4 protein chains.
Amino acid sequence: MSTARTGVLPTRRRGRDRVAAILDAAAAVFAERGFDAATMTEIASAACTAIGSLYRFFPNKDLLADAVFSRYADSMLDTLDVLVLQAPLLGPEALAEALVASGLQQRPYRDAAVALADERNEGPLLRKALRASIRDKVGLILAAATGLPATQAARMAPMVLQAMKAAPVLLREGLDPEAVVAEARRMIACYVAGSMQPACTAAGR
Amino acid sequence: MSTARTGVLPTRRRGRDRVAAILDAAAAVFAERGFDAATMTEIASAACTAIGSLYRFFPNKDLLADAVFSRYADSMLDTLDVLVLQAPLLGPEALAEALVASGLQQRPYRDAAVALADERNEGPLLRKALRASIRDKVGLILAAATGLPATQAARMAPMVLQAMKAAPVLLREGLDPEAVVAEARRMIACYVAGSMQPACTAAGR
Amino acid sequence: MSTARTGVLPTRRRGRDRVAAILDAAAAVFAERGFDAATMTEIASAACTAIGSLYRFFPNKDLLADAVFSRYADSMLDTLDVLVLQAPLLGPEALAEALVASGLQQRPYRDAAVALADERNEGPLLRKALRASIRDKVGLILAAATGLPATQAARMAPMVLQAMKAAPVLLREGLDPEAVVAEARRMIACYVAGSMQPACTAAGR
Amino acid sequence: MSTARTGVLPTRRRGRDRVAAILDAAAAVFAERGFDAATMTEIASAACTAIGSLYRFFPNKDLLADAVFSRYADSMLDTLDVLVLQAPLLGPEALAEALVASGLQQRPYRDAAVALADERNEGPLLRKALRASIRDKVGLILAAATGLPATQAARMAPMVLQAMKAAPVLLREGLDPEAVVAEARRMIACYVAGSMQPACTAAGR
DNA sequence: AATGAATGAGTCTTCATTCAT
DNA sequence: GATGAATGAAGACTCATTCAT
């Protein structure tokens, strides 16, 4: 949907396959090298495509990165949409588990998304907008789950997101997957739980 | 100590000033643009030095980045060394405050360190080793503070470090400084506190 | 006549329309951007045709440019053919008016022709031959109009052509159309008239 | 003076020589191929320089073209400045001779200037401004020489310039140099002379 | 030691042209 | 016949790094 918002939209089957292959390859290369160090040539050859074909569908590197990122972000937003509704019923542990899980979806893409999220690029990139959307939605979820006022939930959202991002980052570094996931859940769960008890909330100050 | 480990060591006063100016400039540029987008030329001109002089002291970009990173990491390690001793006496809140503070030191350098930490470079870079040292030391602190076994503390350390890093990251994005710092502290405090209560620890599984 | 000298000749009505649309589009794009900056893709889409169809009729860019140029040149040659006959009866002013007018025909094509005429391409392009034909014909006209020997008229022809080309060039730059046309006529008229008076002719030397 | 207005100004002898070599090479290549078809790589190798050195002094192709063009235009403007003063004393033939001569200076550069003058580029290029300056100055000269009002002289200037440009253009095409120069002079002389006689002036309408 | 010029591999991107459907 | 996807050779430009002065 938010894929390939510029560039030619493939009309034939062949083109659609190619676009999918390119996105997969781009995700892998961005994940491996980061935005700047990734080269369009490497992505093209990883997708078994000529460089020209790459540019047919994605007119430049930024838009390609946007497409990769939004593939991940879109699915995450869908997951979070569901969580918004479930949140009131979830305890801190279950909520934390769901949040961490949502950040671990889409294996090749999540690592790319993490790499792309740190970009220092400026300009009206889709990535920025999507990041903001995700942050907002996490805020909604926190508000629904904790019963805290929206402003307080919005203050917490960035930190929760960082903790969610920590899981893929640390997995990528080769740490023990079980431990990483467990600790990420625990950190978020404790944070959320703590936010619901006046005592621990006060600790912030 | 780990400053300028390769390249000519400046012997005269003039040389030492020059190195300091270069490091400051490099920190600012790396923080502003990230590793890849930073150019040696911009760093040189920000340091009011000729590009040739830059290379005299830092034979390549990676080593320069290492030097910048280690200036930050060294001071953080010093701070953490002190914390190792104080940890047994600190409650979760005080500990969290100290940890977050340690990650906010050295204004121009901390942002550079954050930018450089995300580099996907490989090879035997000093940065990696320093990151590992910091991680280990945070593990020691956590063990000392919580009384937990070293292995459990080591599992927690990476997440705590991610939370510590979150503060400078979010500050750089322009979020409200007070809120960011408060929430970072709270997250760590809750996590540490939760780790000391059997109940919440269980939540991890 | 010299249209589409290579490539498939369209036999059906549909094909002929398509060729006409392509030529019009090509003229517009060449006029707007010049030969090098014009792209086959833009021309195709301006003609509402697929790039593949464009190449069916015009096997490469140079030949397409030749076709566009010759459409203009052919009509100019026709006009000049008439002038050859009328020339003996025309005074300098009337002759100048007719010459300038002949260069202002075919609005979209004349600008394209001007743009294409300046191309520094080499090789046996049709454009070169046509330019030579036009030059020769203008020489004939001048000889007929002035009564000068053919060699002298041939010396003058290139300059007269340049003056004729000046009108579309200056119009394209946005100068006042009336003034441009009037001065172009005057320049040619004066030149022709001067060539018929021994006195002014001598000035050349 | 107007050379290399951006890019590094060479401070050492070596750099100054290099800049001169680059300009010469660029003039030759632009003259040979035109702006678009000229490649920076070819210019660099014609100047016996690495591509990087080319970009050190001329940060992009447009600026390089500007520098080449202005080298020609500056000297032409100087020549025309003198002509402004002499014009009242000059008859049409002498004036025409001087004007044509001014357009034939600086052999490698004049051909480049002719090629660059036809560019369809937009944007605030120096070339455009210089062209306008030259046009204005020719207007001044014509006014001074003919005694006509400035507005009328300004109408004539573009045509005179086109005629001046015709000489290098036609020489480049390999026509007989003597004939070309003689006819260019005659055309301008007749035009100027004609503009001073009410009769021929009327012919414009 | 310092300076800044020189180098050239490598990057993104474009576009004429070909080909499979 | 038409369509649009595929191709890859260039081209403009950057920048880490080396070297002569």
# chains A, B, ... in the order shown; residues from 1 in each chain; ligands from 1
call {"tool": "residues_around", "arguments": {"residues": "segment 7-21 of chain E", "least_positions_apart": "2", "cutoff": "9 Å", "atoms": "only C-alpha atoms (C1' of nucleotides)", "output": "list in words"}}
result
Thr39, Met40, Thr41, Gly52, Tyr55, Pro59, Asn60 and Lys61 of chain A; Thr39, Met40, Thr41, Tyr55, Pro59, Asn60 and Lys61 of chain C; Ala50, Ile51, Gly52 and Ser53 of chain D; DT3, DA5, DA6, DT7, DA10, DG11, DC13, DT14, DT17 and DT18 of chain F
call {"tool": "interface_residues", "arguments": {"of": "chain E", "to": "chain B", "cutoff": "9 Å", "atoms": "only C-alpha atoms (C1' of nucleotides)", "output": "VMD selection string"}}
result
chain E and resid 1 to 4
call {"tool": "write_last_selection", "arguments": {"atoms": "N, CA and C atoms (P, O5', C5', C4', C3', O3' and C1' of nucleotides)", "output": "PDB file, in the first residue's frame"}}
result
ATOM      1  P    DA E   1      56.820  16.399  14.619  1.00  0.00           P
ATOM      2  O5'  DA E   1      56.461  17.846  14.201  1.00  0.00           O
ATOM      3  C5'  DA E   1      56.943  18.264  12.914  1.00  0.00           C
ATOM      4  C4'  DA E   1      56.236  19.562  12.650  1.00  0.00           C
ATOM      5  C3'  DA E   1      54.751  19.339  12.415  1.00  0.00           C
ATOM      6  O3'  DA E   1      54.068  20.474  12.880  1.00  0.00           O
ATOM      7  C1'  DA E   1      55.808  20.013  10.404  1.00  0.00           C
ATOM      8  P    DA E   2      52.528  20.499  12.811  1.00  0.00           P
ATOM      9  O5'  DA E   2      52.300  21.210  11.397  1.00  0.00           O
ATOM     10  C5'  DA E   2      52.820  22.523  11.225  1.00  0.00           C
ATOM     11  C4'  DA E   2      52.380  23.055   9.876  1.00  0.00           C
ATOM     12  C3'  DA E   2      50.903  22.820   9.550  1.00  0.00           C
ATOM     13  O3'  DA E   2      50.412  24.025   9.002  1.00  0.00           O
ATOM     14  C1'  DA E   2      52.241  21.953   7.824  1.00  0.00           C
ATOM     15  P    DT E   3      48.853  24.261   8.851  1.00  0.00           P
ATOM     16  O5'  DT E   3      48.711  24.366   7.288  1.00  0.00           O
ATOM     17  C5'  DT E   3      49.669  25.120   6.543  1.00  0.00           C
ATOM     18  C4'  DT E   3      49.643  24.667   5.110  1.00  0.00           C
ATOM     19  C3'  DT E   3      48.240  24.405   4.561  1.00  0.00           C
ATOM     20  O3'  DT E   3      47.990  25.379   3.574  1.00  0.00           O
ATOM     21  C1'  DT E   3      49.805  22.764   3.857  1.00  0.00           C
ATOM     22  P    DG E   4      46.492  25.817   3.295  1.00  0.00           P
ATOM     23  O5'  DG E   4      46.315  25.085   1.897  1.00  0.00           O
ATOM     24  C5'  DG E   4      47.242  25.352   0.853  1.00  0.00           C
ATOM     25  C4'  DG E   4      47.197  24.243  -0.164  1.00  0.00           C
ATOM     26  C3'  DG E   4      45.789  23.847  -0.633  1.00  0.00           C
ATOM     27  O3'  DG E   4      45.890  23.389  -1.962  1.00  0.00           O
ATOM     28  C1'  DG E   4      46.831  21.986   0.177  1.00  0.00           C
TER      29       DG E   4
END
call {"tool": "interface_residues", "arguments": {"of": "chain A", "to": "chain B", "cutoff": "8 Å", "atoms": "only C-alpha atoms", "output": "PyMOL selection string"}}
result
chain A and resi 32-34+36-37+93+118+120+155-156+158-159+162-163+166+170+179-180+182-191+194+200-201+203-205
call {"tool": "select_by_dssp", "arguments": {"residues": "segment 54-164 of chain B", "states": "helix (DSSP H, G or I)", "output": "MDAnalysis selection string"}}
result
chainID B and resid 54:57 61:89 92:102 107:117 126:146 150:164
call {"tool": "write_last_selection", "arguments": {"atoms": "C-alpha atoms", "output": "compact mmCIF listing (two decimals), in the first residue's frame"}}
result
# COMPACT_ATOMS: atom_id res chain seq x y z
CA LEU B 54 44.51 15.74 10.35
CA TYR B 55 46.01 12.65 8.78
CA ARG B 56 49.26 13.18 10.57
CA PHE B 57 47.59 12.53 13.89
CA LYS B 61 38.70 7.84 9.56
CA ASP B 62 38.06 4.77 11.62
CA LEU B 63 40.88 5.51 13.97
CA LEU B 64 39.66 9.06 14.33
CA ALA B 65 36.23 7.76 15.20
CA ASP B 66 37.81 5.40 17.68
CA ALA B 67 39.59 8.27 19.33
CA VAL B 68 36.41 10.29 19.58
CA PHE B 69 34.49 7.36 20.91
CA SER B 70 37.09 6.44 23.44
CA ARG B 71 37.25 9.92 24.83
CA TYR B 72 33.62 9.49 25.76
CA ALA B 73 33.93 5.87 26.77
CA ASP B 74 36.98 6.48 28.92
CA SER B 75 35.22 9.07 30.97
CA MET B 76 32.16 6.90 31.19
CA LEU B 77 34.27 3.99 32.36
CA ASP B 78 35.80 6.17 35.03
CA THR B 79 32.38 7.20 36.21
CA LEU B 80 31.21 3.63 36.21
CA ASP B 81 34.27 2.56 38.17
CA VAL B 82 33.16 4.80 40.96
CA LEU B 83 29.63 3.46 40.68
CA VAL B 84 30.82 -0.07 41.11
CA LEU B 85 31.94 0.87 44.59
CA GLN B 86 28.89 2.93 45.44
CA ALA B 87 26.36 0.52 43.99
CA PRO B 88 25.79 -1.60 47.09
CA LEU B 89 24.65 1.50 48.93
CA PRO B 92 17.22 1.69 42.45
CA GLU B 93 16.31 5.33 42.00
CA ALA B 94 19.69 6.67 42.93
CA LEU B 95 21.37 4.04 40.81
CA ALA B 96 19.22 4.87 37.82
CA GLU B 97 19.91 8.54 38.24
CA ALA B 98 23.64 7.92 38.34
CA LEU B 99 23.58 5.66 35.31
CA VAL B 100 21.54 8.05 33.20
CA ALA B 101 23.79 10.90 34.28
CA SER B 102 26.87 8.99 33.26
CA ARG B 107 28.03 17.03 25.59
CA PRO B 108 29.70 17.12 22.24
CA TYR B 109 31.14 13.66 22.66
CA ARG B 110 28.15 11.79 23.93
CA ASP B 111 26.17 12.56 20.78
CA ALA B 112 29.08 11.48 18.66
CA ALA B 113 29.36 8.30 20.67
CA VAL B 114 25.70 7.53 20.14
CA ALA B 115 26.07 8.09 16.43
CA LEU B 116 29.19 5.97 16.26
CA ALA B 117 27.79 3.20 18.38
CA LEU B 126 38.38 -0.12 19.34
CA ARG B 127 34.79 0.94 19.61
CA LYS B 128 33.58 -2.59 19.89
CA ALA B 129 35.97 -3.42 22.65
CA LEU B 130 35.04 -0.32 24.58
CA ARG B 131 31.37 -1.05 24.24
CA ALA B 132 32.01 -4.48 25.65
CA SER B 133 33.96 -3.02 28.56
CA ILE B 134 31.14 -0.68 29.38
CA ARG B 135 28.66 -3.48 29.19
CA ASP B 136 30.70 -5.57 31.54
CA LYS B 137 31.09 -2.78 33.99
CA VAL B 138 27.38 -2.06 33.99
CA GLY B 139 26.92 -5.75 34.72
CA LEU B 140 29.19 -5.42 37.72
CA ILE B 141 27.26 -2.44 38.93
CA LEU B 142 23.97 -4.20 38.60
CA ALA B 143 25.27 -7.23 40.42
CA ALA B 144 26.59 -5.06 43.20
CA ALA B 145 23.41 -3.06 43.44
CA THR B 146 20.92 -5.88 43.30
CA ALA B 150 26.70 -12.16 37.96
CA THR B 151 25.11 -14.10 35.12
CA GLN B 152 21.74 -12.57 35.77
CA ALA B 153 23.27 -9.11 36.02
CA ALA B 154 25.07 -9.71 32.75
CA ARG B 155 21.78 -10.52 31.11
CA MET B 156 20.34 -7.26 32.27
CA ALA B 157 23.28 -5.05 31.41
CA PRO B 158 22.57 -4.74 27.70
CA MET B 159 19.03 -3.59 28.28
CA VAL B 160 20.12 -1.10 30.90
CA LEU B 161 22.69 0.26 28.51
CA GLN B 162 20.07 0.63 25.80
CA ALA B 163 17.93 2.56 28.23
CA MET B 164 20.88 4.75 29.14
call {"tool": "closest_atom_pairs", "arguments": {"of": "chain F", "to": "chain C", "cutoff": "10 Å", "atoms": "only C-alpha atoms (C1' of nucleotides)", "output": "CSV"}}
result
residue,atom,partner,partner_atom,distance
F:DG1,C1',C:Ser53,CA,8.6
F:DA2,C1',C:Ser53,CA,6.6
F:DT3,C1',C:Ala50,CA,6.2
F:DG4,C1',C:Ala50,CA,7.2
